[in-house]
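Visitor: Supplied structure: start_7.txt, compact mmCIF, C-alpha atoms and all ligand atoms.
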```
# COMPACT_ATOMS: atom_id res chain seq x y z
CA MET A 1 -44.40 12.30 17.99
CA PHE A 2 -47.01 12.59 15.34
CA THR A 3 -48.75 9.34 14.54
CA ALA A 4 -51.36 9.03 11.88
CA PRO A 5 -54.51 7.21 12.86
CA ASP A 6 -54.78 3.68 11.56
CA ILE A 7 -57.46 4.37 9.07
CA GLU A 8 -57.22 1.11 7.20
CA ASN A 9 -57.74 -0.97 10.31
CA ARG A 10 -60.26 1.23 11.94
CA PHE A 11 -63.05 -1.33 11.47
CA ALA A 12 -60.96 -4.30 12.63
CA ASP A 13 -59.74 -2.39 15.65
CA PRO A 14 -62.44 -2.62 18.28
CA ILE A 15 -61.15 0.32 20.23
CA PHE A 16 -60.58 2.58 17.29
CA THR A 17 -62.64 5.66 17.64
CA ALA A 18 -62.62 8.41 15.13
CA PRO A 19 -61.83 11.82 16.53
CA ASP A 20 -64.79 13.92 17.33
CA ILE A 21 -64.26 16.29 14.49
CA GLU A 22 -67.62 17.97 14.73
CA ASN A 23 -67.20 18.72 18.39
CA ARG A 24 -63.50 19.40 18.29
CA PHE A 25 -64.02 22.98 19.35
CA ALA A 26 -66.41 22.01 22.13
CA ASP A 27 -64.16 19.20 23.40
CA PRO A 28 -61.55 20.80 25.64
CA ILE A 29 -59.07 17.90 25.41
CA PHE A 30 -59.21 17.38 21.69
CA ILE A 31 -55.90 18.34 20.16
CA ALA A 32 -55.39 18.16 16.48
CA PRO A 33 -52.30 16.26 15.22
CA ASP A 34 -49.20 18.38 15.03
CA ILE A 35 -49.07 18.53 11.26
CA GLU A 36 -46.27 21.07 11.04
CA ASN A 37 -43.93 19.01 13.17
CA CYS A 38 -44.95 15.77 11.62
CA PHE A 39 -42.07 15.62 9.17
CA ALA A 40 -39.44 16.67 11.66
CA ASP A 41 -40.81 14.23 14.13
CA SER A 42 -40.85 11.46 11.60
CA LEU A 43 -37.09 11.79 11.26
CA LYS A 44 -36.89 10.20 14.65
CA ILE A 45 -38.28 6.95 13.37
CA TYR A 46 -34.75 5.83 12.64
CA GLY A 47 -34.61 4.02 15.92
CA LEU A 48 -34.59 7.04 18.17
CA HIS A 49 -38.20 6.90 19.26
CA CYS A 50 -40.85 4.36 18.94
CA ARG A 51 -43.74 5.65 20.91
CA PRO A 52 -44.68 9.27 21.20
CA SER A 53 -44.28 10.96 24.54
CA HIS A 54 -46.38 13.56 26.24
CA GLN A 55 -43.64 16.08 25.75
CA GLU A 56 -43.19 15.52 22.06
CA CYS A 57 -46.59 14.94 20.61
CA PRO A 58 -50.21 15.53 21.51
CA VAL A 59 -51.09 12.08 20.31
CA GLU A 60 -51.11 10.80 23.89
CA LEU A 61 -53.90 13.19 24.55
CA LEU A 62 -55.57 11.93 21.46
CA LYS A 63 -55.31 8.45 22.90
CA ASN A 64 -57.28 9.65 25.87
CA ASN A 65 -60.09 10.13 23.42
CA ASN A 66 -59.67 6.53 22.30
CA TYR A 67 -57.99 7.93 19.27
CA ARG A 68 -55.47 5.20 19.10
CA GLY A 69 -52.12 6.34 17.87
CA LYS A 70 -50.19 3.62 16.26
CA CYS A 71 -46.58 3.15 16.92
CA PHE A 72 -44.12 3.44 14.15
CA MET A 73 -42.32 0.42 15.51
CA ASN A 74 -42.67 -1.86 12.53
CA GLY A 75 -41.92 0.80 9.94
CA SER A 76 -39.09 2.39 11.88
CA LEU A 77 -37.36 -0.93 12.56
CA PHE A 78 -37.43 -1.82 8.88
CA LYS A 79 -36.17 1.61 7.87
CA PHE A 80 -33.52 1.50 10.58
CA ILE A 81 -32.18 -1.82 9.28
CA LEU A 82 -32.38 -0.63 5.68
CA SER A 83 -30.60 2.61 6.56
CA SER A 84 -27.86 0.75 8.41
CA VAL A 85 -27.26 -1.56 5.47
CA LEU A 86 -27.14 1.36 3.04
CA LEU A 87 -24.84 3.33 5.35
CA ALA A 88 -22.50 0.36 5.72
CA PHE A 89 -22.50 -0.11 1.93
CA ILE A 90 -21.73 3.56 1.28
CA CYS A 91 -18.98 3.58 3.90
CA THR A 92 -17.46 0.45 2.37
CA ILE A 93 -17.47 2.05 -1.08
CA LEU A 94 -16.01 5.31 0.21
CA TYR A 95 -13.38 3.57 2.33
CA GLY A 96 -12.41 1.29 -0.54
CA GLY A 97 -12.25 4.28 -2.86
CA ILE A 98 -10.03 6.16 -0.47
CA ARG A 99 -7.76 3.18 -0.14
CA THR A 100 -7.51 2.57 -3.86
CA THR A 101 -6.79 6.24 -4.51
CA GLU A 102 -4.02 6.36 -1.93
CA LYS A 103 -0.91 7.47 -3.70
CA VAL A 104 1.84 4.90 -3.71
CA ILE A 105 5.11 6.75 -3.58
CA ALA A 106 7.46 4.84 -5.85
CA VAL A 107 11.11 4.55 -4.92
CA GLN A 108 13.50 5.89 -7.52
CA ALA A 109 17.05 4.73 -8.13
CA SER A 110 19.65 7.13 -9.46
CA VAL A 111 23.30 6.54 -10.28
CA SER A 112 25.96 9.01 -9.23
CA ASP A 113 29.70 8.96 -9.86
CA ASP A 114 30.13 11.20 -6.85
CA GLU A 115 29.95 9.89 -3.33
CA PRO A 116 26.55 10.92 -1.90
CA SER A 117 26.62 13.22 1.09
CA SER A 118 24.16 10.91 2.83
CA LEU A 119 26.71 8.10 2.92
CA GLY A 120 28.02 9.36 6.26
CA SER A 121 24.73 8.56 7.94
CA THR A 122 24.68 4.99 6.66
CA LYS A 123 26.46 1.82 7.67
CA VAL A 124 27.91 -0.97 5.56
CA ILE A 125 25.82 -4.14 5.53
CA THR A 126 27.67 -7.40 6.10
CA VAL A 127 26.91 -9.79 3.25
CA SER A 128 26.47 -13.30 4.60
CA SER A 129 26.61 -15.13 1.27
CA ALA A 130 26.77 -14.56 -2.46
CA SER A 131 25.84 -16.62 -5.49
CA ALA A 132 25.98 -16.20 -9.26
CA THR A 133 24.54 -17.79 -12.37
CA SER A 134 28.02 -18.63 -13.66
CA VAL A 135 31.69 -18.31 -12.68
CA LEU A 136 34.73 -18.15 -14.97
CA HIS A 137 37.05 -21.07 -14.24
CA GLY A 138 34.68 -22.02 -11.46
CA ASN A 139 36.12 -25.52 -11.30
CA ASP A 140 39.76 -24.47 -11.44
CA ALA A 141 41.35 -23.97 -8.02
CA GLU A 142 44.04 -21.80 -9.62
CA TYR A 143 41.49 -19.05 -10.17
CA ASN A 144 39.03 -17.60 -7.76
CA ASN A 145 36.41 -15.60 -9.60
CA ALA A 146 33.63 -16.64 -7.24
CA PRO A 147 30.76 -14.25 -6.46
CA GLU A 148 32.16 -13.92 -2.94
CA MET A 149 35.04 -12.00 -4.53
CA ALA A 150 32.60 -9.16 -5.18
CA VAL A 151 31.97 -8.71 -1.45
CA ASP A 152 35.41 -9.42 0.07
CA GLY A 153 36.29 -5.76 0.56
CA ASP A 154 39.14 -5.97 -1.97
CA VAL A 155 38.74 -4.23 -5.32
CA ILE A 156 41.60 -6.28 -6.82
CA THR A 157 39.54 -9.46 -6.70
CA SER A 158 36.31 -9.79 -8.69
CA TRP A 159 33.40 -11.98 -9.65
CA GLN A 160 33.84 -12.99 -13.27
CA GLU A 161 30.92 -14.60 -15.04
CA GLY A 162 31.65 -17.70 -17.08
CA SER A 163 28.94 -17.73 -19.73
CA GLU A 164 29.60 -18.22 -23.43
CA GLY A 165 28.75 -14.61 -24.25
CA GLN A 166 29.89 -11.31 -22.81
CA GLY A 167 27.86 -11.55 -19.64
CA SER A 168 24.46 -10.33 -20.75
CA GLY A 169 21.81 -12.11 -18.69
CA GLU A 170 24.22 -13.25 -15.98
CA SER A 171 23.44 -12.27 -12.41
CA ILE A 172 24.90 -12.12 -8.94
CA THR A 173 22.89 -12.30 -5.71
CA LEU A 174 23.91 -11.05 -2.27
CA ASN A 175 22.23 -12.20 0.94
CA PHE A 176 22.30 -10.33 4.25
CA GLU A 177 20.26 -9.75 7.37
CA LYS A 178 17.09 -7.76 6.81
CA SER A 179 18.15 -4.16 6.37
CA GLU A 180 16.88 -0.86 5.05
CA VAL A 181 19.06 -0.44 1.99
CA LYS A 182 19.79 3.11 0.89
CA VAL A 183 22.95 3.10 -1.23
CA ILE A 184 24.94 0.51 -3.18
CA ALA A 185 28.46 1.28 -4.32
CA CYS A 186 29.41 -0.61 -7.49
CA TYR A 187 33.03 -1.19 -8.50
CA LEU A 188 32.44 -2.55 -11.98
CA GLY A 189 34.93 -4.36 -14.17
CA ASN A 190 38.26 -5.94 -13.29
CA TRP A 191 40.20 -3.52 -11.09
CA GLN A 192 43.35 -5.64 -10.88
CA ASP A 193 45.11 -3.00 -13.00
CA ASP A 194 44.31 -0.56 -15.78
CA TRP A 195 45.01 -3.11 -18.48
CA SER A 196 42.70 -5.68 -16.89
CA TYR A 197 39.94 -3.10 -16.61
CA TYR A 198 39.74 -2.51 -20.35
CA ALA A 199 40.70 -6.08 -21.28
CA ASN A 200 37.52 -7.44 -19.66
CA CYS A 201 33.85 -6.50 -20.05
CA ARG A 202 32.21 -4.00 -17.72
CA PRO A 203 28.47 -3.80 -17.04
CA LYS A 204 26.87 -0.82 -18.79
CA THR A 205 23.26 -1.43 -17.73
CA MET A 206 21.98 -3.75 -15.05
CA THR A 207 18.67 -4.55 -13.40
CA LEU A 208 18.69 -4.33 -9.63
CA GLN A 209 16.10 -6.42 -7.85
CA ILE A 210 15.78 -5.59 -4.17
CA GLY A 211 12.89 -6.29 -1.85
CA ASN A 212 9.82 -6.31 -4.05
CA GLN A 213 11.22 -3.65 -6.34
CA SER A 214 13.21 -3.60 -9.55
CA PHE A 215 15.32 -0.84 -11.04
CA ASP A 216 17.15 -0.48 -14.33
CA VAL A 217 20.39 1.39 -13.83
CA GLU A 218 23.05 2.61 -16.27
CA PHE A 219 26.70 3.31 -15.55
CA THR A 220 29.43 5.32 -17.19
CA ASP A 221 32.59 3.50 -18.27
CA ALA A 222 34.85 5.15 -15.73
CA GLN A 223 36.96 3.09 -13.34
CA ILE A 224 35.44 4.73 -10.32
CA PRO A 225 32.81 3.63 -7.80
CA HIS A 226 29.29 4.21 -9.09
CA TYR A 227 26.73 4.88 -6.39
CA ILE A 228 23.15 3.67 -6.77
CA ILE A 229 21.12 5.96 -4.55
CA LEU A 230 17.61 4.91 -3.61
CA SER A 231 15.21 7.79 -3.04
CA ASP A 232 13.83 5.94 -0.02
CA LYS A 233 15.00 3.07 2.10
CA VAL A 234 14.11 -0.35 0.75
CA GLU A 235 13.76 -3.14 3.29
CA ALA A 236 15.40 -6.28 1.99
CA GLU A 237 17.51 -9.27 2.95
CA SER A 238 18.93 -9.89 -0.51
CA LEU A 239 19.55 -8.16 -3.81
CA THR A 240 20.32 -9.34 -7.30
CA PHE A 241 22.13 -7.58 -10.11
CA THR A 242 21.49 -8.87 -13.63
CA VAL A 243 23.78 -7.68 -16.39
CA ASN A 244 21.93 -6.36 -19.43
CA GLU A 245 24.40 -4.45 -21.61
CA ILE A 246 28.17 -4.33 -21.34
CA TYR A 247 31.16 -2.25 -22.39
CA ALA A 248 33.07 -4.83 -24.44
CA GLY A 249 36.49 -5.98 -23.28
CA GLU A 250 39.44 -5.54 -25.59
CA GLU A 251 40.83 -9.00 -24.86
CA TYR A 252 38.19 -11.09 -23.13
CA ASP A 253 34.46 -11.67 -23.21
CA ASP A 254 34.23 -12.03 -19.44
CA CYS A 255 32.19 -9.50 -17.51
CA CYS A 256 33.55 -8.62 -14.08
CA ILE A 257 32.37 -6.92 -10.92
CA SER A 258 35.15 -6.18 -8.48
CA GLU A 259 33.11 -5.09 -5.49
CA LEU A 260 29.60 -4.30 -4.34
CA THR A 261 29.19 -2.43 -1.07
CA VAL A 262 25.69 -2.17 0.35
CA TYR A 263 24.79 0.66 2.77
CA ALA A 264 21.81 0.71 5.09
CA GLY A 265 20.08 3.99 5.81
CA CA A 301 36.56 -7.96 -4.68
```
Could you rewrite the structure in this file as structure tokens?
Guide:
Amino acid sequence: MFTAPDIENRFADPIFTAPDIENRFADPIFIAPDIENCFADSLKIYGLHCRPSHQECPVELLKNNNYRGKCFMNGSLFKFILSSVLLAFICTILYGGIRTTEKVIAVQASVSDDEPSSLGSTKVITVSSASATSVLHGNDAEYNNAPEMAVDGDVITSWQEGSEGQGSGESITLNFEKSEVKVIACYLGNWQDDWSYYANCRPKTMTLQIGNQSFDVEFTDAQIPHYIILSDKVEAESLTFTVNEIYAGEEYDDCCISELTVYAG
């Protein structure tokens, strides 16, 4: 390893002896510093080498002439620490940049009036409980329009909201064991008979909140199951439908949902 002589401290250093420049040709053991390899050798200061070796640098021979080679220890240690800090900083920036530029694939929700072919590979989720923001005749035992009627497996029964308006803003929530939801079949309106279907309000647009995601979905006004198909499975243990717009009922202002069937992928 090439080491420059400590010129500045040559007077303070009692054993510093300048190289015998004048007699360098006559002195058989004088070896000039390896100038050409100095730069390449100096790359090793980053903690790889401290003191020069006989194999790497003639400075040991120079030391035999009391030409004291100084170690790069102090300088290399400082540069090693500085390099490590800079490297860690750069890696942190790059890693953070990579993470922040990772593409988040958003799940899409589409509505189909045709049964999806993927339904065969799913299973129906058992809903453990249901709740709603309002219930028509909720306090009258003669009627049962409870939210549970939307998950009882019978399209004749339905949840009927009991707000003053036509159902906009009302919501129903289903709870179930944590599942990977893929499809939701929606039987919207009152399916008791054809007259009841058009006599009551049907949801036209709703917001589906599931997991940490939210989707706005729109339905046709056909008395058929509408399938909400998620482009990817959404892990959740509950979901909420909020009615936004409705198809107005010809007789009543009550919005109904006959059945909601949730399928796990
Ligand atoms: Ca029902």
Visitor: Can you measure atom CA of A:Asn139 to atom CA of A:Asp193 for me? One decimal in Å is fine.
Guide: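 The value is 24.3 Å.
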Visitor: Considering all atoms listed in the file, can you say which of A:Gly211, A:Gly162, A:Gly153, A:Pro116 comes closest to ligand CA 301 (chain A)?
Guide: A:Gly153
Visitor: Name the closest residue to A:Asp113 among the candidates A:Ser129, A:Gln223, A:Gln166, A:Ser158; distances are taken between atoms, counting all atoms listed in the file.
Guide: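 Among A:Ser129, A:Gln223, A:Gln166, A:Ser158, it is A:Gln223 that comes nearest to A:Asp113.
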Visitor: Counting all atoms listed in the file, which of A:Gln192, A:Thr220, A:Thr242, A:Ser112 gets nearest to ligand CA 301 (chain A)?
Guide: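 For ligand CA 301 (chain A), the nearest of the given residues is A:Gln192.
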Visitor: Atom CA of A:Glu235 to atom CA of A:Ser117: how many Å, to one decimal?
Guide: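 Computing it gives 20.9 Å between the two atoms.
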Visitor: Could you give me the residues within 7 Å of ligand CA 301 (chain A), counting only C-alpha atoms and all ligand atoms, as a PyMOL selection string?
Guide: chain A and resi 149-158+258-259
Visitor: Quick one: distance from atom CA of A:Glu164 to atom CA of A:Cys255 in Å, one decimal?
Guide: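 The value is 10.9 Å.
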Visitor: Quick one: residues within 10 Å of A:Ser231, all atoms listed in the file counted, chain neighbours fewer than 3 positions away excluded, as a ChimeraX atom specification?
Guide: /A:106-110,182-183,228,234
Visitor: Starting from the point (23.8, -0.8, 6.5), work out which residues of protein, DNA or RNA have an atom no more than 10 Å away when counting only C-alpha atoms; state them as a list in words.
Guide: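 Taken together, the residues in range are Ser121, Thr122, Lys123, Val124, Ile125, Thr126, Phe176, Glu177, Lys178, Ser179, Glu180, Val181, Lys182, Val183, Ile184, Thr261, Val262, Tyr263, Ala264 and Gly265 of chain A.
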Visitor: Pick out the closest residue to A:Gln160 from this set: A:Leu86, A:Tyr252, A:Gln213, A:Leu230. Count all atoms listed in the file.
Guide: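 Of the candidates, the smallest distance to A:Gln160 is held by A:Tyr252.
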Visitor: Pick from A:His226, A:Cys201, A:Gly120, A:Ser238: nearest to A:Ala185, with all atoms listed in the file counted?
Guide: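 For A:Ala185, the nearest of the given residues is A:His226.
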Visitor: Which is closer to A:Thr207 than all the others in A:Asp232, A:Leu188, A:Val243, A:Glu237, using all atoms listed in the file?
Guide: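 For A:Thr207, the nearest of the given residues is A:Val243.
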Visitor: Select, counting only C-alpha atoms, all protein, DNA and RNA residues no farther than 7 Å from (17.8, -9.1, -8.3) in file coordinates, and express the selection as a list in words.
Guide: Thr173, Thr207, Leu208, Gln209, Ile210, Leu239, Thr240, Phe241 and Thr242 of chain A
Visitor: Contacts of stretch 216-218 of chain A at 6 Å or less, counting all atoms listed in the file, minus same-chain residues fewer than 5 places along, as JSON, numbers by chain?
Guide: {"A": [204, 205, 206, 207]}
Visitor: Please provide as a list of chain:residue names all residues within 12 Å of A:Ala222, with the sequence filter that same-chain residues fewer than 3 positions apart are discarded (counting all atoms listed in the file).
Guide: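 Those residues are A:Ser112, A:Asp113, A:Asp114, A:Cys186, A:Tyr187, A:Leu188, A:Gly189, A:Asn190, A:Trp191, A:Asp194, A:Tyr197, A:Tyr198, A:Arg202, A:Pro203, A:Lys204, A:Phe219, A:Pro225, A:His226, A:Tyr247.
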